[in-house]
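To start, the structure itself, in structure tokens.
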Amino acid sequence: MRKISIFGATGSIGQNTIDLIDREPAAYDVVALTGGANIGKLAEDARRLKANVAVTAYEDRLDDLRAALAGSGVEVAAGQKALIEAAARPADWVMSAIVGAAGLEPGLEVLRQGGTLALANKETLVCAGALVLETAKVNNARLLPVDSEHSAVFQALVGEDMTAVERIIITASGGAFRDWPLSKLAHATVEQATSHPNWDMGQRITIDSASMFNKALELIETKEFFGVSSDQIEVLVHPESIVHAMVGFRDGGVMAHMGSPDMRHAIGYALHWPNRKELPVERLDLAKLGQLKFNTPDKTRYPALRLARAVMERGGLSGAVFNAAKERALDRFIAREIGFLQMADIVEAVLDRFEAASGLINAPLTLDSVLETDHLARMWVDDIVIQRAG
């Protein structure tokens with residue numbers, strides 16, 4: 001039996017991972033399940049999978065979790081420290097699906113233990129790519145991509161020499177507003193931004209898809225994961241979400257990874273790697289599809305992509321600034337304190353402030369500096385929102 005843990009078990013990635021495990025329960029020994037405020041789902045899954053420990057990120061929900069798991073034999077804990085302690089428990093394979101920068105510390109702890117980290121938390125590499133990769137190398141740990149785009153690139157590169165790679169093309173659905181007139185975007189509501197045309201995802205990532213901030217993070221993640229330069233990475237809007245990524249080689253050939261828009265493919269590939277096993281995903285009927293469309297993303301509609309390229313050029317702690325500012329601006333949009341287009345404006349203002357702070361922009365990339373920068377960038381967002389409201 002393989003010992004596995006799932007961080008972010010109650011989210012869409014976590015639930016899809018559990019769906020695959022439920023189909024072969026005798027193959028897995030579940031060490032830890034973690035979640036957020038959905039205590040009922042976390043407890044239900046922990047009972048059924050006989051997890052050793054269940055952890056909620058919210059310390060004030062510990063009593064609720066304890067009550068929900070009373071008599072089950074499942075250990076309970078709460079808070080960030082408990083998440084890191086759970087990550088230190090020996091496991092063969094760990095899913096990192098916590099949303100946002102909160103996934104960084106547990107992910108680093110898994111790598112320190114020398115385990116395999118299946119990375120669905122793109123913010124881990126965006127905030128601290130060099131630190132994460134070095135931690136994996138020093139501890140002989142393995143990183144496997146779970147984002148559909150990076151899994152696709154990873155699969156297209158099997159048996160290939162990275163020196164032969166000319167470009168990497170990742171695709172984007174375009175999100176909820178891909179066909180909206182630009183004049184309407186300033187008035188887009190939270191509810192409208194939360195309606196994804198192709199994928200069933202949580203609120204935050206669906207809004208990030210509409211603004212293309214999700215794809216902006218994936219641009220940075222591509223650079224860090226595969227060690228390519230910014231000018232080797234391209235983005236195409238692909239409304240059907242069938243081609244997840246393409247790799248172009250120096251001989252002019254292009255390898256594309258295709259599949260139905262179902263995250264269980266990328267999860268299953270990482271779960272069973274280096275083998276392939278049958279997965280319960282829809283098989284493509286290309287004749288039925290008829291055609292696939294690709295378009296260059298509109299720079300005016302999606303300013304997040306331009307900002308991501310600036311971050312890749314700056315390097316250092318700018319990824320941590322970018323992600324923190326994005327997360328906090330999203331908080332403000334969800335709270336209906338700023339408009340949809342203001343998110344990118346505020347993130348850019350925070351990046352400009354960071355670049356002007358010479359003592360910060362040249363600071364070394366460490367866990368402490370990443371956490372400090374993350375905190376500072378969030379405060380800057382709040383300052384800017386208050387100033388503009390006044």
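Scheme for the structure tokens: letters A, B, ... for chains in order shown; per-chain residue numbers from 1; ligand numbers from 1 in order shown.
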* To do: Could you give me the residues within range 45-153 of chain A that DSSP places in helix (DSSP H, G or I), as a count of residues only?
  => 57
Any chance you could tabulate, as a Markdown table, the residues of range 187-219 of chain A at most 12 Å from range 150-174 of chain A with each one's nearest atom pair and distance in Å to one decimal, using only C-alpha atoms, in chain and rising number order?
```
| residue | atom | partner | partner_atom | distance |
| --- | --- | --- | --- | --- |
| A:Ala193 | CA | A:Gly174 | CA | 11.5 |
| A:Ser195 | CA | A:Gly174 | CA | 11.8 |
| A:His196 | CA | A:Ser173 | CA | 8.9 |
| A:Pro197 | CA | A:Ser173 | CA | 8.0 |
| A:Asn198 | CA | A:Ser173 | CA | 7.5 |
| A:Trp199 | CA | A:Ser173 | CA | 9.1 |
| A:Thr206 | CA | A:Gly174 | CA | 10.7 |
| A:Ile207 | CA | A:Gly174 | CA | 11.1 |
| A:Asp208 | CA | A:Gly174 | CA | 10.4 |
| A:Ser209 | CA | A:Gly174 | CA | 7.0 |
| A:Ala210 | CA | A:Gly174 | CA | 6.5 |
| A:Ser211 | CA | A:Gly174 | CA | 8.4 |
| A:Met212 | CA | A:Gly174 | CA | 7.1 |
| A:Phe213 | CA | A:Gly174 | CA | 10.8 |
| A:Asn214 | CA | A:Ala172 | CA | 9.2 |
| A:Lys215 | CA | A:Ala172 | CA | 6.8 |
| A:Ala216 | CA | A:Ala172 | CA | 10.2 |
| A:Leu217 | CA | A:His150 | CA | 11.7 |
| A:Glu218 | CA | A:His150 | CA | 8.1 |
| A:Leu219 | CA | A:Ile170 | CA | 8.0 |
```
* So which residues of range 220-367 of chain A fall under strand (DSSP E) by DSSP, listed as a ChimeraX atom specification? -> /A:233-237,243-249,254-258
Near range 299-311 of chain A, counting only C-alpha atoms, which residues have an atom at most 10 Å away, once you skip same-chain residues fewer than 3 positions from it, shown as an mmCIF file with N, CA, C and O atoms, in the first residue's frame?
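The file below, part_1.cif, is the result:
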```cif
data_model
loop_
_atom_site.group_PDB
_atom_site.id
_atom_site.type_symbol
_atom_site.label_atom_id
_atom_site.label_comp_id
_atom_site.auth_asym_id
_atom_site.auth_seq_id
_atom_site.Cartn_x
_atom_site.Cartn_y
_atom_site.Cartn_z
ATOM 1 N N VAL A 126 5.419 29.986 -8.097
ATOM 2 C CA VAL A 126 5.368 31.410 -8.417
ATOM 3 C C VAL A 126 6.056 32.221 -7.327
ATOM 4 O O VAL A 126 6.832 33.137 -7.607
ATOM 5 N N GLY A 174 -10.077 31.294 -21.809
ATOM 6 C CA GLY A 174 -10.555 32.666 -21.963
ATOM 7 C C GLY A 174 -11.513 33.071 -20.867
ATOM 8 O O GLY A 174 -11.842 34.250 -20.713
ATOM 9 N N PHE A 177 -15.487 35.804 -19.513
ATOM 10 C CA PHE A 177 -15.679 37.053 -20.254
ATOM 11 C C PHE A 177 -14.963 37.089 -21.606
ATOM 12 O O PHE A 177 -14.740 38.157 -22.164
ATOM 13 N N ARG A 178 -14.615 35.919 -22.132
ATOM 14 C CA ARG A 178 -13.830 35.916 -23.371
ATOM 15 C C ARG A 178 -14.584 36.532 -24.547
ATOM 16 O O ARG A 178 -13.959 37.052 -25.483
ATOM 17 N N TRP A 180 -17.143 38.874 -24.090
ATOM 18 C CA TRP A 180 -17.784 40.120 -23.669
ATOM 19 C C TRP A 180 -17.171 41.319 -24.381
ATOM 20 O O TRP A 180 -15.953 41.344 -24.633
ATOM 21 N N PRO A 181 -17.956 42.334 -24.659
ATOM 22 C CA PRO A 181 -17.377 43.593 -25.135
ATOM 23 C C PRO A 181 -16.504 44.196 -24.026
ATOM 24 O O PRO A 181 -16.855 44.119 -22.838
ATOM 25 N N LEU A 182 -15.378 44.774 -24.389
ATOM 26 C CA LEU A 182 -14.480 45.349 -23.396
ATOM 27 C C LEU A 182 -15.180 46.409 -22.550
ATOM 28 O O LEU A 182 -14.877 46.574 -21.371
ATOM 29 N N LEU A 185 -16.653 45.095 -19.182
ATOM 30 C CA LEU A 185 -15.847 44.422 -18.162
ATOM 31 C C LEU A 185 -15.754 45.206 -16.852
ATOM 32 O O LEU A 185 -15.697 44.608 -15.778
ATOM 33 N N ASP A 208 -10.174 33.990 -11.272
ATOM 34 C CA ASP A 208 -8.819 34.147 -11.813
ATOM 35 C C ASP A 208 -8.756 33.736 -13.280
ATOM 36 O O ASP A 208 -7.948 34.265 -14.052
ATOM 37 N N ALA A 210 -11.278 34.141 -15.383
ATOM 38 C CA ALA A 210 -11.935 35.227 -16.116
ATOM 39 C C ALA A 210 -11.001 36.414 -16.317
ATOM 40 O O ALA A 210 -11.030 37.079 -17.368
ATOM 41 N N SER A 211 -10.172 36.698 -15.328
ATOM 42 C CA SER A 211 -9.226 37.814 -15.419
ATOM 43 C C SER A 211 -7.921 37.395 -16.087
ATOM 44 O O SER A 211 -7.090 38.237 -16.417
ATOM 45 N N MET A 212 -7.717 36.108 -16.271
ATOM 46 C CA MET A 212 -6.506 35.491 -16.801
ATOM 47 C C MET A 212 -5.335 35.582 -15.815
ATOM 48 O O MET A 212 -4.204 35.299 -16.158
ATOM 49 N N PHE A 213 -5.611 35.950 -14.572
ATOM 50 C CA PHE A 213 -4.555 35.897 -13.566
ATOM 51 C C PHE A 213 -4.115 34.455 -13.332
ATOM 52 O O PHE A 213 -2.948 34.190 -13.011
ATOM 53 N N ASN A 214 -5.041 33.524 -13.473
ATOM 54 C CA ASN A 214 -4.693 32.123 -13.345
ATOM 55 C C ASN A 214 -3.642 31.737 -14.384
ATOM 56 O O ASN A 214 -2.649 31.067 -14.082
ATOM 57 N N LYS A 215 -3.851 32.175 -15.622
ATOM 58 C CA LYS A 215 -2.895 31.870 -16.692
ATOM 59 C C LYS A 215 -1.587 32.622 -16.476
ATOM 60 O O LYS A 215 -0.500 32.115 -16.823
ATOM 61 N N ALA A 216 -1.670 33.826 -15.916
ATOM 62 C CA ALA A 216 -0.460 34.583 -15.616
ATOM 63 C C ALA A 216 0.420 33.823 -14.631
ATOM 64 O O ALA A 216 1.646 33.732 -14.794
ATOM 65 N N LEU A 217 -0.205 33.256 -13.597
ATOM 66 C CA LEU A 217 0.545 32.432 -12.640
ATOM 67 C C LEU A 217 1.150 31.221 -13.339
ATOM 68 O O LEU A 217 2.280 30.814 -13.043
ATOM 69 N N GLU A 218 0.410 30.644 -14.276
ATOM 70 C CA GLU A 218 0.893 29.454 -14.975
ATOM 71 C C GLU A 218 2.061 29.778 -15.907
ATOM 72 O O GLU A 218 2.924 28.926 -16.142
ATOM 73 N N LEU A 219 2.096 31.002 -16.441
ATOM 74 C CA LEU A 219 3.257 31.420 -17.219
ATOM 75 C C LEU A 219 4.515 31.364 -16.359
ATOM 76 O O LEU A 219 5.550 30.811 -16.752
ATOM 77 N N ILE A 220 4.421 31.954 -15.169
ATOM 78 C CA ILE A 220 5.563 31.974 -14.251
ATOM 79 C C ILE A 220 5.921 30.561 -13.814
ATOM 80 O O ILE A 220 7.094 30.184 -13.744
ATOM 81 N N SER A 230 11.332 33.475 -20.511
ATOM 82 C CA SER A 230 10.017 34.073 -20.734
ATOM 83 C C SER A 230 9.634 34.098 -22.199
ATOM 84 O O SER A 230 8.483 33.832 -22.560
ATOM 85 N N ASP A 231 10.600 34.404 -23.074
ATOM 86 C CA ASP A 231 10.267 34.525 -24.494
ATOM 87 C C ASP A 231 10.078 33.177 -25.187
ATOM 88 O O ASP A 231 9.715 33.135 -26.363
ATOM 89 N N ILE A 233 7.854 31.049 -23.900
ATOM 90 C CA ILE A 233 6.524 30.621 -23.452
ATOM 91 C C ILE A 233 5.457 31.461 -24.144
ATOM 92 O O ILE A 233 5.519 32.688 -24.144
ATOM 93 N N VAL A 235 1.043 31.909 -24.950
ATOM 94 C CA VAL A 235 -0.317 31.598 -24.507
ATOM 95 C C VAL A 235 -1.260 31.734 -25.686
ATOM 96 O O VAL A 235 -1.169 32.688 -26.466
ATOM 97 N N THR A 296 -4.868 34.498 -30.407
ATOM 98 C CA THR A 296 -3.927 35.231 -29.565
ATOM 99 C C THR A 296 -4.708 36.021 -28.519
ATOM 100 O O THR A 296 -5.678 36.693 -28.862
ATOM 101 N N ARG A 314 11.911 40.274 -13.911
ATOM 102 C CA ARG A 314 12.467 40.813 -12.667
ATOM 103 C C ARG A 314 13.035 39.706 -11.789
ATOM 104 O O ARG A 314 14.063 39.858 -11.159
ATOM 105 N N GLY A 315 12.319 38.573 -11.695
ATOM 106 C CA GLY A 315 12.775 37.456 -10.871
ATOM 107 C C GLY A 315 12.772 37.779 -9.392
ATOM 108 O O GLY A 315 12.068 38.681 -8.925
ATOM 109 N N GLY A 316 13.565 37.038 -8.613
ATOM 110 C CA GLY A 316 13.669 37.263 -7.177
ATOM 111 C C GLY A 316 12.346 37.129 -6.465
ATOM 112 O O GLY A 316 11.600 36.162 -6.674
ATOM 113 N N LEU A 317 12.043 38.115 -5.645
ATOM 114 C CA LEU A 317 10.830 38.098 -4.831
ATOM 115 C C LEU A 317 9.619 38.670 -5.553
ATOM 116 O O LEU A 317 8.533 38.737 -4.970
ATOM 117 N N SER A 318 9.783 39.077 -6.806
ATOM 118 C CA SER A 318 8.655 39.705 -7.511
ATOM 119 C C SER A 318 7.493 38.739 -7.710
ATOM 120 O O SER A 318 6.331 39.149 -7.747
ATOM 121 N N GLY A 319 7.779 37.434 -7.808
ATOM 122 C CA GLY A 319 6.701 36.455 -7.923
ATOM 123 C C GLY A 319 5.852 36.406 -6.667
ATOM 124 O O GLY A 319 4.620 36.305 -6.728
ATOM 125 N N ALA A 320 6.498 36.504 -5.509
ATOM 126 C CA ALA A 320 5.766 36.518 -4.237
ATOM 127 C C ALA A 320 4.917 37.777 -4.129
ATOM 128 O O ALA A 320 3.783 37.736 -3.639
ATOM 129 N N VAL A 321 5.455 38.909 -4.585
ATOM 130 C CA VAL A 321 4.701 40.169 -4.579
ATOM 131 C C VAL A 321 3.491 40.064 -5.488
ATOM 132 O O VAL A 321 2.368 40.419 -5.112
ATOM 133 N N PHE A 322 3.711 39.568 -6.688
ATOM 134 C CA PHE A 322 2.651 39.440 -7.684
ATOM 135 C C PHE A 322 1.513 38.567 -7.163
ATOM 136 O O PHE A 322 0.337 38.940 -7.231
ATOM 137 N N ASN A 323 1.857 37.406 -6.614
ATOM 138 C CA ASN A 323 0.824 36.487 -6.145
ATOM 139 C C ASN A 323 0.057 37.061 -4.965
ATOM 140 O O ASN A 323 -1.173 36.985 -4.913
ATOM 141 N N LYS A 326 -2.216 39.819 -6.078
ATOM 142 C CA LYS A 326 -3.340 39.231 -6.806
ATOM 143 C C LYS A 326 -4.360 38.637 -5.852
ATOM 144 O O LYS A 326 -5.576 38.855 -5.984
ATOM 145 N N LEU A 341 -11.893 45.187 -13.290
ATOM 146 C CA LEU A 341 -10.687 45.672 -13.954
ATOM 147 C C LEU A 341 -9.693 46.298 -12.982
ATOM 148 O O LEU A 341 -8.504 46.407 -13.284
ATOM 149 N N MET A 343 -8.576 45.066 -10.319
ATOM 150 C CA MET A 343 -7.641 44.087 -9.761
ATOM 151 C C MET A 343 -6.279 44.196 -10.427
ATOM 152 O O MET A 343 -5.247 44.281 -9.752
ATOM 153 N N ALA A 344 -6.237 44.209 -11.738
ATOM 154 C CA ALA A 344 -4.959 44.292 -12.457
ATOM 155 C C ALA A 344 -4.275 45.625 -12.210
ATOM 156 O O ALA A 344 -3.045 45.690 -12.059
ATOM 157 N N ASP A 345 -5.036 46.717 -12.165
ATOM 158 C CA ASP A 345 -4.462 48.037 -11.901
ATOM 159 C C ASP A 345 -3.764 48.065 -10.549
ATOM 160 O O ASP A 345 -2.662 48.613 -10.406
ATOM 161 N N VAL A 347 -2.650 45.419 -8.756
ATOM 162 C CA VAL A 347 -1.478 44.537 -8.761
ATOM 163 C C VAL A 347 -0.293 45.243 -9.422
ATOM 164 O O VAL A 347 0.842 45.184 -8.918
ATOM 165 N N GLU A 348 -0.540 45.950 -10.505
ATOM 166 C CA GLU A 348 0.545 46.667 -11.176
ATOM 167 C C GLU A 348 1.110 47.771 -10.275
ATOM 168 O O GLU A 348 2.329 47.976 -10.216
ATOM 169 N N LEU A 351 3.383 46.150 -7.753
ATOM 170 C CA LEU A 351 4.656 45.767 -8.378
ATOM 171 C C LEU A 351 5.551 46.975 -8.569
ATOM 172 O O LEU A 351 6.774 46.904 -8.366
#
```
* Asked: Between A:Pro145, A:Gly36, A:Pro261, A:Gly227, which is the closest to Glu240 in chain A once you count only C-alpha atoms?
  ->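 The shortest atom-to-atom distance to Glu240 in chain A comes from A:Pro261.
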* To do: State, in Å with one decimal place, the distance from CA of Gln232 in chain A to CA of Ala245 in chain A.
  =>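 A separation of 13.3 Å between them.
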* Excluding Ala120 in chain A and residues on its chain fewer than 4 positions from it, collect all residues at most 6 Å away from it, counting only C-alpha atoms, and give them as a list in words. =>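 So the residues in contact are Ser96, Ala97, Val146 and Asp147 of chain A.
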* To do: With a distance cut-off of 12 Å and only C-alpha atoms, select the neighbouring residues of Val385 in chain A, excluding the residue or stretch itself and same-chain residues fewer than 3 positions from it, and output the selection as a PyMOL selection string.
  => chain A and resi 325+328-333+336-339+342-343+345-347+349-350+378-382+388-390
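CA of Leu119 in chain A sits 10.2 Å away from CA of Phe7 in chain A.
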* Quick one: residues within 7 Å of range 86-93 of chain A, only C-alpha atoms counted, chain neighbours fewer than 5 positions away excluded, as a PyMOL selection string? -> chain A and resi 2-5+31-32+106+109-110+113+115-117
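Minimum atom-to-atom distance to Gly290 in chain A, evaluated using only C-alpha atoms, belongs to A:Ile242 out of A:Ile242, A:Val30, A:Val74, A:Ala188.
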* Name the residues in contact with Val132 in chain A at a cut-off of 10 Å, using only C-alpha atoms, excluding same-chain residues fewer than 4 positions from it; report them as a VMD selection string. => chain A and resid 104 to 105 107 to 108 111 to 112 124 to 128 136 to 137 143 224 to 225 366 to 367
Can you write out the residues you just picked, keeping N, CA, C and O atoms, as a PDB file, in the first residue's frame?
```
ATOM      1  N   LEU A 104       2.514  26.966   0.300  1.00  0.00           N
ATOM      2  CA  LEU A 104       3.976  26.951   0.168  1.00  0.00           C
ATOM      3  C   LEU A 104       4.664  26.186   1.298  1.00  0.00           C
ATOM      4  O   LEU A 104       5.473  25.283   1.041  1.00  0.00           O
ATOM      5  N   GLU A 105       4.379  26.537   2.538  1.00  0.00           N
ATOM      6  CA  GLU A 105       5.102  25.918   3.655  1.00  0.00           C
ATOM      7  C   GLU A 105       4.848  24.417   3.777  1.00  0.00           C
ATOM      8  O   GLU A 105       5.804  23.646   3.945  1.00  0.00           O
ATOM      9  N   GLY A 107       4.098  22.404   1.378  1.00  0.00           N
ATOM     10  CA  GLY A 107       4.770  21.804   0.232  1.00  0.00           C
ATOM     11  C   GLY A 107       6.268  21.681   0.458  1.00  0.00           C
ATOM     12  O   GLY A 107       6.878  20.648   0.148  1.00  0.00           O
ATOM     13  N   LEU A 108       6.879  22.733   0.983  1.00  0.00           N
ATOM     14  CA  LEU A 108       8.308  22.680   1.278  1.00  0.00           C
ATOM     15  C   LEU A 108       8.619  21.592   2.306  1.00  0.00           C
ATOM     16  O   LEU A 108       9.642  20.900   2.202  1.00  0.00           O
ATOM     17  N   LEU A 111       8.770  18.220   0.695  1.00  0.00           N
ATOM     18  CA  LEU A 111      10.027  18.056  -0.040  1.00  0.00           C
ATOM     19  C   LEU A 111      11.197  17.810   0.904  1.00  0.00           C
ATOM     20  O   LEU A 111      12.109  17.047   0.577  1.00  0.00           O
ATOM     21  N   ARG A 112      11.182  18.432   2.060  1.00  0.00           N
ATOM     22  CA  ARG A 112      12.253  18.195   3.037  1.00  0.00           C
ATOM     23  C   ARG A 112      12.274  16.745   3.506  1.00  0.00           C
ATOM     24  O   ARG A 112      13.311  16.228   3.911  1.00  0.00           O
ATOM     25  N   THR A 124       3.095  27.890  -5.220  1.00  0.00           N
ATOM     26  CA  THR A 124       4.334  27.413  -4.614  1.00  0.00           C
ATOM     27  C   THR A 124       5.532  27.785  -5.473  1.00  0.00           C
ATOM     28  O   THR A 124       6.539  28.305  -4.970  1.00  0.00           O
ATOM     29  N   LEU A 125       5.450  27.545  -6.775  1.00  0.00           N
ATOM     30  CA  LEU A 125       6.557  27.872  -7.672  1.00  0.00           C
ATOM     31  C   LEU A 125       6.581  29.351  -8.038  1.00  0.00           C
ATOM     32  O   LEU A 125       7.640  29.922  -8.270  1.00  0.00           O
ATOM     33  N   VAL A 126       5.419  29.986  -8.097  1.00  0.00           N
ATOM     34  CA  VAL A 126       5.368  31.410  -8.417  1.00  0.00           C
ATOM     35  C   VAL A 126       6.056  32.221  -7.327  1.00  0.00           C
ATOM     36  O   VAL A 126       6.832  33.137  -7.607  1.00  0.00           O
ATOM     37  N   CYS A 127       5.791  31.893  -6.071  1.00  0.00           N
ATOM     38  CA  CYS A 127       6.328  32.655  -4.948  1.00  0.00           C
ATOM     39  C   CYS A 127       7.793  32.340  -4.664  1.00  0.00           C
ATOM     40  O   CYS A 127       8.547  33.232  -4.253  1.00  0.00           O
ATOM     41  N   ALA A 128       8.186  31.098  -4.858  1.00  0.00           N
ATOM     42  CA  ALA A 128       9.516  30.685  -4.385  1.00  0.00           C
ATOM     43  C   ALA A 128      10.090  29.577  -5.257  1.00  0.00           C
ATOM     44  O   ALA A 128      10.602  28.576  -4.740  1.00  0.00           O
ATOM     45  N   ALA A 136      13.858  20.443  -3.253  1.00  0.00           N
ATOM     46  CA  ALA A 136      13.611  19.113  -3.835  1.00  0.00           C
ATOM     47  C   ALA A 136      14.922  18.422  -4.188  1.00  0.00           C
ATOM     48  O   ALA A 136      15.113  17.228  -3.898  1.00  0.00           O
ATOM     49  N   LYS A 137      15.837  19.171  -4.776  1.00  0.00           N
ATOM     50  CA  LYS A 137      17.120  18.595  -5.208  1.00  0.00           C
ATOM     51  C   LYS A 137      17.943  18.117  -4.024  1.00  0.00           C
ATOM     52  O   LYS A 137      18.464  16.990  -4.019  1.00  0.00           O
ATOM     53  N   LEU A 143       9.090  16.447  -7.751  1.00  0.00           N
ATOM     54  CA  LEU A 143       7.951  17.317  -8.044  1.00  0.00           C
ATOM     55  C   LEU A 143       7.263  16.811  -9.298  1.00  0.00           C
ATOM     56  O   LEU A 143       7.917  16.604 -10.333  1.00  0.00           O
ATOM     57  N   GLU A 224       9.531  28.420 -14.191  1.00  0.00           N
ATOM     58  CA  GLU A 224      10.239  27.828 -13.061  1.00  0.00           C
ATOM     59  C   GLU A 224      10.350  26.309 -13.196  1.00  0.00           C
ATOM     60  O   GLU A 224      11.412  25.732 -12.973  1.00  0.00           O
ATOM     61  N   PHE A 225       9.244  25.667 -13.564  1.00  0.00           N
ATOM     62  CA  PHE A 225       9.215  24.201 -13.583  1.00  0.00           C
ATOM     63  C   PHE A 225      10.128  23.626 -14.662  1.00  0.00           C
ATOM     64  O   PHE A 225      10.851  22.651 -14.436  1.00  0.00           O
ATOM     65  N   THR A 366      14.436  33.563   0.376  1.00  0.00           N
ATOM     66  CA  THR A 366      14.362  32.593   1.465  1.00  0.00           C
ATOM     67  C   THR A 366      12.900  32.469   1.875  1.00  0.00           C
ATOM     68  O   THR A 366      12.075  33.306   1.498  1.00  0.00           O
ATOM     69  N   LEU A 367      12.593  31.458   2.672  1.00  0.00           N
ATOM     70  CA  LEU A 367      11.211  31.315   3.132  1.00  0.00           C
ATOM     71  C   LEU A 367      10.795  32.546   3.930  1.00  0.00           C
ATOM     72  O   LEU A 367       9.688  33.072   3.753  1.00  0.00           O
TER      73      LEU A 367
END
```
* Which is closest to Asn121 in chain A among A:Glu221, A:Glu75, A:Asp19, A:Glu355, if we use only C-alpha atoms? ->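 Using only C-alpha atoms, Asn121 in chain A sits closest to A:Glu221.
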